[in-house]
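Asker: Okay, here's the structure, questions in a sec.
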Amino acid sequence: MKQCGTALVTGAGNGIGLATARALAASGYSVALASLEADAPPLTDAMRYYQADIAQIGEHAVLLARIVADLGPLTCLVNSAGVTSLKRGDMLGLSPESFDRLLGINLRGTFFLTQAVARHMLDCRPAANVPRTIITIGSANAEIVGENRADYCMAKAALAMMSKLFAARLASAGIAVFEIRPGIIHTAMTLPAAARYDQFIADGGVPMNRWGEPDDVAATVVTLARGDIPYATGIHLDIGGGMQLHRV
């Protein structure tokens, strides 16, 4: 029987990250929630909150040391932290400030935290029957063009390659790496564009004809984290109600 270990979920103060942390805890994991918010969301006994900014890569080692001391060696990392463009609009007007902020968090921070966790996992002898996984929450915009937030699309495309690179590097150690590409999900990030997305769904843009919910993504994370898709690594899963399908 598979056992659960300790998971770190970034961006876990709300939205997909929080739903994922709760789902992992309900599945038997000890879960470290890391997010920028000063106040922790409601926690269960299996969850512990750490205020952290993943963009501050010099603080990664301290964060991991605290989590390991509190909860034990990490067996799962879920990269859910991320921001969108400072302002949606014509990509010809994209500012360097928005670009640098977004890539600093979504790509640079995520890469170096994943690097630190990967080193930690390689240094720790895995317990029997405990899968080890690294899961990055990407976006349908890794492939689907969103001209009004070009920096976001470019970062998500880069994260797709990052996942493949880590998958290739870590496969021989038994560490599986996956990318999840959510579509239109009910979160604070999508709220400003809710009316446009409502119309897009009504016009048939999502074959399953509904918004996605954070729990839809969280359930997929748990499936991957528990090793329930064996003999797979370096793949992505589209969790967008079929939005990725090209139809004519």
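In the structure tokens, chains take the letters A, B, ... in the order shown, each chain's residues start at 1, and ligands count up from 1 in the order shown.
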Excluding Thr110 (chain A) and residues on its chain fewer than 3 positions from it, collect all residues at most 9 Å away from it, counting only C-alpha atoms, and give them as a JSON list (two decimals) with C-alpha atoms, in the first residue's frame.
Answerer:
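Output file out.json follows:
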```
[["chain", "number", "residue", "atom", "x", "y", "z"],
["A", 54, "ILE", "CA", 9.52, 32.46, -3.69],
["A", 55, "ALA", "CA", 10.95, 35.34, -5.71],
["A", 79, "ASN", "CA", 4.61, 24.81, -7.69],
["A", 80, "SER", "CA", 1.40, 26.82, -7.63],
["A", 81, "ALA", "CA", 2.68, 30.31, -6.81],
["A", 82, "GLY", "CA", 2.26, 32.80, -9.60],
["A", 104, "GLY", "CA", 10.89, 36.84, -11.31],
["A", 105, "ILE", "CA", 8.08, 35.04, -9.51],
["A", 106, "ASN", "CA", 6.55, 32.66, -12.04],
["A", 107, "LEU", "CA", 9.76, 31.44, -13.67],
["A", 113, "LEU", "CA", 12.93, 26.57, -5.58],
["A", 114, "THR", "CA", 12.45, 23.42, -7.66],
["A", 115, "GLN", "CA", 16.23, 23.12, -7.98],
["A", 136, "THR", "CA", 4.07, 22.50, -11.57],
["A", 159, "LEU", "CA", 7.68, 26.36, -17.19]]
```
Asker: Set the distance at 8 Å and use only C-alpha atoms: which residues neighbour region 183-185 of chain A once local chain neighbours fewer than 3 positions away are removed? I'd like the list as a list of chain:residue names.
Answerer: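 The filter keeps A:Ser139, A:Ala140, A:Thr190, A:Tyr197, A:Trp211, A:Gly212, A:Glu213, A:Pro214, A:Asp238, A:Ile239, A:Gly240, A:Gly241, A:Met243.
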Asker: Suppose we keep N, CA and C atoms; can you now write the selection as a short mmCIF file (atom, residue, chain, number, x, y, z; two decimals), in the first residue's frame?
Answerer:
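Result file result_7.cif:
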```cif
data_model
loop_
_atom_site.label_atom_id
_atom_site.label_comp_id
_atom_site.auth_asym_id
_atom_site.auth_seq_id
_atom_site.Cartn_x
_atom_site.Cartn_y
_atom_site.Cartn_z
N SER A 139 -0.29 26.45 -17.32
CA SER A 139 -1.50 27.10 -17.83
C SER A 139 -1.73 26.65 -19.26
N ALA A 140 -3.00 26.69 -19.66
CA ALA A 140 -3.31 26.49 -21.07
C ALA A 140 -2.56 27.49 -21.94
N THR A 190 -8.65 35.15 -12.24
CA THR A 190 -9.54 35.21 -13.40
C THR A 190 -10.72 36.15 -13.20
N TYR A 197 -14.78 35.64 -19.96
CA TYR A 197 -14.72 34.18 -19.92
C TYR A 197 -16.12 33.56 -19.92
N TRP A 211 -17.10 26.61 -16.15
CA TRP A 211 -15.85 27.02 -15.54
C TRP A 211 -15.22 25.81 -14.84
N GLY A 212 -13.92 25.84 -14.71
CA GLY A 212 -13.25 24.90 -13.84
C GLY A 212 -13.19 25.45 -12.43
N GLU A 213 -13.01 24.56 -11.47
CA GLU A 213 -12.90 24.94 -10.07
C GLU A 213 -11.52 24.54 -9.54
N PRO A 214 -11.01 25.23 -8.53
CA PRO A 214 -9.72 24.82 -7.95
C PRO A 214 -9.67 23.35 -7.56
N ASP A 238 -3.92 18.51 -19.39
CA ASP A 238 -4.78 19.66 -19.62
C ASP A 238 -6.03 19.52 -18.77
N ILE A 239 -6.21 20.43 -17.82
CA ILE A 239 -7.39 20.43 -16.97
C ILE A 239 -8.19 21.68 -17.29
N GLY A 240 -8.86 21.61 -18.43
CA GLY A 240 -9.56 22.80 -18.91
C GLY A 240 -10.86 22.49 -19.61
N GLY A 241 -11.45 21.35 -19.32
CA GLY A 241 -12.74 21.03 -19.92
C GLY A 241 -12.70 20.85 -21.42
N MET A 243 -10.73 22.70 -23.43
CA MET A 243 -10.46 23.98 -24.11
C MET A 243 -9.28 23.88 -25.06
#
```
Asker: Separation of CA of Met47 (chain A) and CA of Ala173 (chain A), in Å?
Answerer: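 So the two atoms, CA of Met47 (chain A) and CA of Ala173 (chain A), lie 27.4 Å apart.
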Asker: From a DSSP pass on the backbone, collect the residues of region 56-187 of chain A flagged as helix (DSSP H, G or I) and hand them back as a VMD selection string.
Answerer: chain A and resid 57 to 71 91 to 93 96 to 123 140 to 142 147 to 173
Asker: With C-alpha atoms retained, could you export that selection as a PDB file, in the first residue's frame?
Answerer:
```pdb
ATOM      1  CA  ILE A  57      15.693  32.881  -3.873  1.00  0.00           C
ATOM      2  CA  GLY A  58      18.169  33.588  -1.089  1.00  0.00           C
ATOM      3  CA  GLU A  59      15.459  32.561   1.390  1.00  0.00           C
ATOM      4  CA  HIS A  60      14.708  29.168  -0.159  1.00  0.00           C
ATOM      5  CA  ALA A  61      17.240  27.245   1.943  1.00  0.00           C
ATOM      6  CA  VAL A  62      15.856  28.648   5.199  1.00  0.00           C
ATOM      7  CA  LEU A  63      12.284  27.852   4.156  1.00  0.00           C
ATOM      8  CA  LEU A  64      13.130  24.263   3.285  1.00  0.00           C
ATOM      9  CA  ALA A  65      15.111  23.781   6.490  1.00  0.00           C
ATOM     10  CA  ARG A  66      12.147  24.977   8.559  1.00  0.00           C
ATOM     11  CA  ILE A  67       9.723  22.689   6.742  1.00  0.00           C
ATOM     12  CA  VAL A  68      11.955  19.633   7.039  1.00  0.00           C
ATOM     13  CA  ALA A  69      12.534  20.288  10.748  1.00  0.00           C
ATOM     14  CA  ASP A  70       8.787  20.660  11.336  1.00  0.00           C
ATOM     15  CA  LEU A  71       7.317  18.024   9.043  1.00  0.00           C
ATOM     16  CA  MET A  91       1.553  43.430 -25.851  1.00  0.00           C
ATOM     17  CA  LEU A  92       3.150  46.368 -27.664  1.00  0.00           C
ATOM     18  CA  GLY A  93       2.623  48.302 -24.459  1.00  0.00           C
ATOM     19  CA  PRO A  96       9.551  46.048 -18.326  1.00  0.00           C
ATOM     20  CA  GLU A  97       8.228  46.337 -14.756  1.00  0.00           C
ATOM     21  CA  SER A  98       5.420  43.879 -15.418  1.00  0.00           C
ATOM     22  CA  PHE A  99       7.735  41.551 -17.357  1.00  0.00           C
ATOM     23  CA  ASP A 100      10.448  41.496 -14.687  1.00  0.00           C
ATOM     24  CA  ARG A 101       7.997  41.066 -11.807  1.00  0.00           C
ATOM     25  CA  LEU A 102       6.134  38.232 -13.457  1.00  0.00           C
ATOM     26  CA  LEU A 103       9.148  36.274 -14.636  1.00  0.00           C
ATOM     27  CA  GLY A 104      10.885  36.837 -11.313  1.00  0.00           C
ATOM     28  CA  ILE A 105       8.076  35.041  -9.511  1.00  0.00           C
ATOM     29  CA  ASN A 106       6.553  32.661 -12.042  1.00  0.00           C
ATOM     30  CA  LEU A 107       9.759  31.439 -13.666  1.00  0.00           C
ATOM     31  CA  ARG A 108      12.916  32.446 -11.796  1.00  0.00           C
ATOM     32  CA  GLY A 109      11.532  31.841  -8.310  1.00  0.00           C
ATOM     33  CA  THR A 110       9.860  28.600  -9.338  1.00  0.00           C
ATOM     34  CA  PHE A 111      12.945  27.251 -11.076  1.00  0.00           C
ATOM     35  CA  PHE A 112      15.326  27.868  -8.214  1.00  0.00           C
ATOM     36  CA  LEU A 113      12.926  26.565  -5.578  1.00  0.00           C
ATOM     37  CA  THR A 114      12.454  23.422  -7.661  1.00  0.00           C
ATOM     38  CA  GLN A 115      16.229  23.124  -7.981  1.00  0.00           C
ATOM     39  CA  ALA A 116      16.596  23.342  -4.194  1.00  0.00           C
ATOM     40  CA  VAL A 117      13.875  20.760  -3.588  1.00  0.00           C
ATOM     41  CA  ALA A 118      15.329  18.429  -6.212  1.00  0.00           C
ATOM     42  CA  ARG A 119      18.723  18.559  -4.485  1.00  0.00           C
ATOM     43  CA  HIS A 120      17.024  17.873  -1.150  1.00  0.00           C
ATOM     44  CA  MET A 121      15.153  14.879  -2.575  1.00  0.00           C
ATOM     45  CA  LEU A 122      18.338  13.440  -4.066  1.00  0.00           C
ATOM     46  CA  ASP A 123      20.101  13.765  -0.723  1.00  0.00           C
ATOM     47  CA  ALA A 140      -3.307  26.487 -21.070  1.00  0.00           C
ATOM     48  CA  ASN A 141      -1.453  29.654 -22.101  1.00  0.00           C
ATOM     49  CA  ALA A 142       1.709  27.602 -22.404  1.00  0.00           C
ATOM     50  CA  GLU A 147      -2.012  38.640 -26.512  1.00  0.00           C
ATOM     51  CA  ASN A 148      -3.264  40.756 -23.618  1.00  0.00           C
ATOM     52  CA  ARG A 149      -0.781  39.197 -21.178  1.00  0.00           C
ATOM     53  CA  ALA A 150       2.258  38.219 -23.173  1.00  0.00           C
ATOM     54  CA  ASP A 151       4.628  38.003 -20.208  1.00  0.00           C
ATOM     55  CA  TYR A 152       2.328  35.473 -18.532  1.00  0.00           C
ATOM     56  CA  CYS A 153       2.176  33.313 -21.657  1.00  0.00           C
ATOM     57  CA  MET A 154       5.941  33.338 -22.102  1.00  0.00           C
ATOM     58  CA  ALA A 155       6.549  32.375 -18.486  1.00  0.00           C
ATOM     59  CA  LYS A 156       4.090  29.485 -18.681  1.00  0.00           C
ATOM     60  CA  ALA A 157       5.686  28.238 -21.909  1.00  0.00           C
ATOM     61  CA  ALA A 158       9.067  28.298 -20.175  1.00  0.00           C
ATOM     62  CA  LEU A 159       7.677  26.364 -17.192  1.00  0.00           C
ATOM     63  CA  ALA A 160       6.555  23.644 -19.588  1.00  0.00           C
ATOM     64  CA  MET A 161      10.150  23.159 -20.708  1.00  0.00           C
ATOM     65  CA  MET A 162      11.371  23.423 -17.116  1.00  0.00           C
ATOM     66  CA  SER A 163       9.189  20.471 -16.167  1.00  0.00           C
ATOM     67  CA  LYS A 164      10.578  18.383 -19.010  1.00  0.00           C
ATOM     68  CA  LEU A 165      14.138  19.261 -18.030  1.00  0.00           C
ATOM     69  CA  PHE A 166      13.638  18.276 -14.403  1.00  0.00           C
ATOM     70  CA  ALA A 167      11.813  15.121 -15.490  1.00  0.00           C
ATOM     71  CA  ALA A 168      14.793  14.053 -17.598  1.00  0.00           C
ATOM     72  CA  ARG A 169      17.285  14.870 -14.839  1.00  0.00           C
ATOM     73  CA  LEU A 170      15.416  13.155 -11.997  1.00  0.00           C
ATOM     74  CA  ALA A 171      13.790  10.120 -13.616  1.00  0.00           C
ATOM     75  CA  SER A 172      16.642   7.755 -12.800  1.00  0.00           C
ATOM     76  CA  ALA A 173      16.276   8.673  -9.121  1.00  0.00           C
TER      77      ALA A 173
END
```
Asker: Using backbone DSSP assignments, extract all strand (DSSP E or B) residues from region 29-125 of chain A; output them as JSON, numbers by chain.
Answerer: {"A": [30, 31, 32, 33, 34, 35, 47, 48, 49, 50, 51, 74, 75, 76, 77, 78, 79]}
Asker: Quick one: distance from CA of Ala193 (chain A) to CA of Glu179 (chain A) in Å, one decimal?
Answerer: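 Interatomic distance, CA of Ala193 (chain A) to CA of Glu179 (chain A): 24.2 Å.
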Asker: In Å to one decimal, how far is CA of Gly234 (chain A) from CA of Ile180 (chain A)?
Answerer: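 Spanning CA of Ile180 (chain A) to CA of Gly234 (chain A) is a straight-line distance of 10.8 Å.
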Asker: Point out the residue among A:Ala194, A:Val206, A:Leu237, A:Leu43 with the least atom-to-atom distance to Thr220 (chain A), counting only C-alpha atoms.
Answerer: A:Leu237
Asker: Kindly indicate which residue among A:Tyr29, A:Ala188, A:Gly138, A:Leu74 lies nearest to Ile175 (chain A), using only C-alpha atoms for the distances.
Answerer: A:Leu74
Asker: Give one line per residue of region 134-229 of chain A that approaches region 14-19 of chain A to at most 8 Å, naming the two atoms of the closest pair and their distance in Å to one decimal, counting only C-alpha atoms; sort by chain then ascending residue number and deliver it as CSV.
Answerer:
```
residue,atom,partner,partner_atom,distance
A:His186,CA,A:Gly15,CA,7.9
A:Thr187,CA,A:Gly15,CA,5.3
A:Ala188,CA,A:Gly15,CA,7.0
A:Pro214,CA,A:Ile16,CA,4.6
A:Asp215,CA,A:Ala19,CA,5.8
A:Val217,CA,A:Ile16,CA,6.8
A:Ala218,CA,A:Ala19,CA,5.9
```
Asker: Set the distance at 8 Å and use only C-alpha atoms: which residues neighbour Ala52 (chain A) once local chain neighbours fewer than 4 positions away are removed? I'd like the list as an NGL selection string.
Answerer: :A and (34-36 or 63)
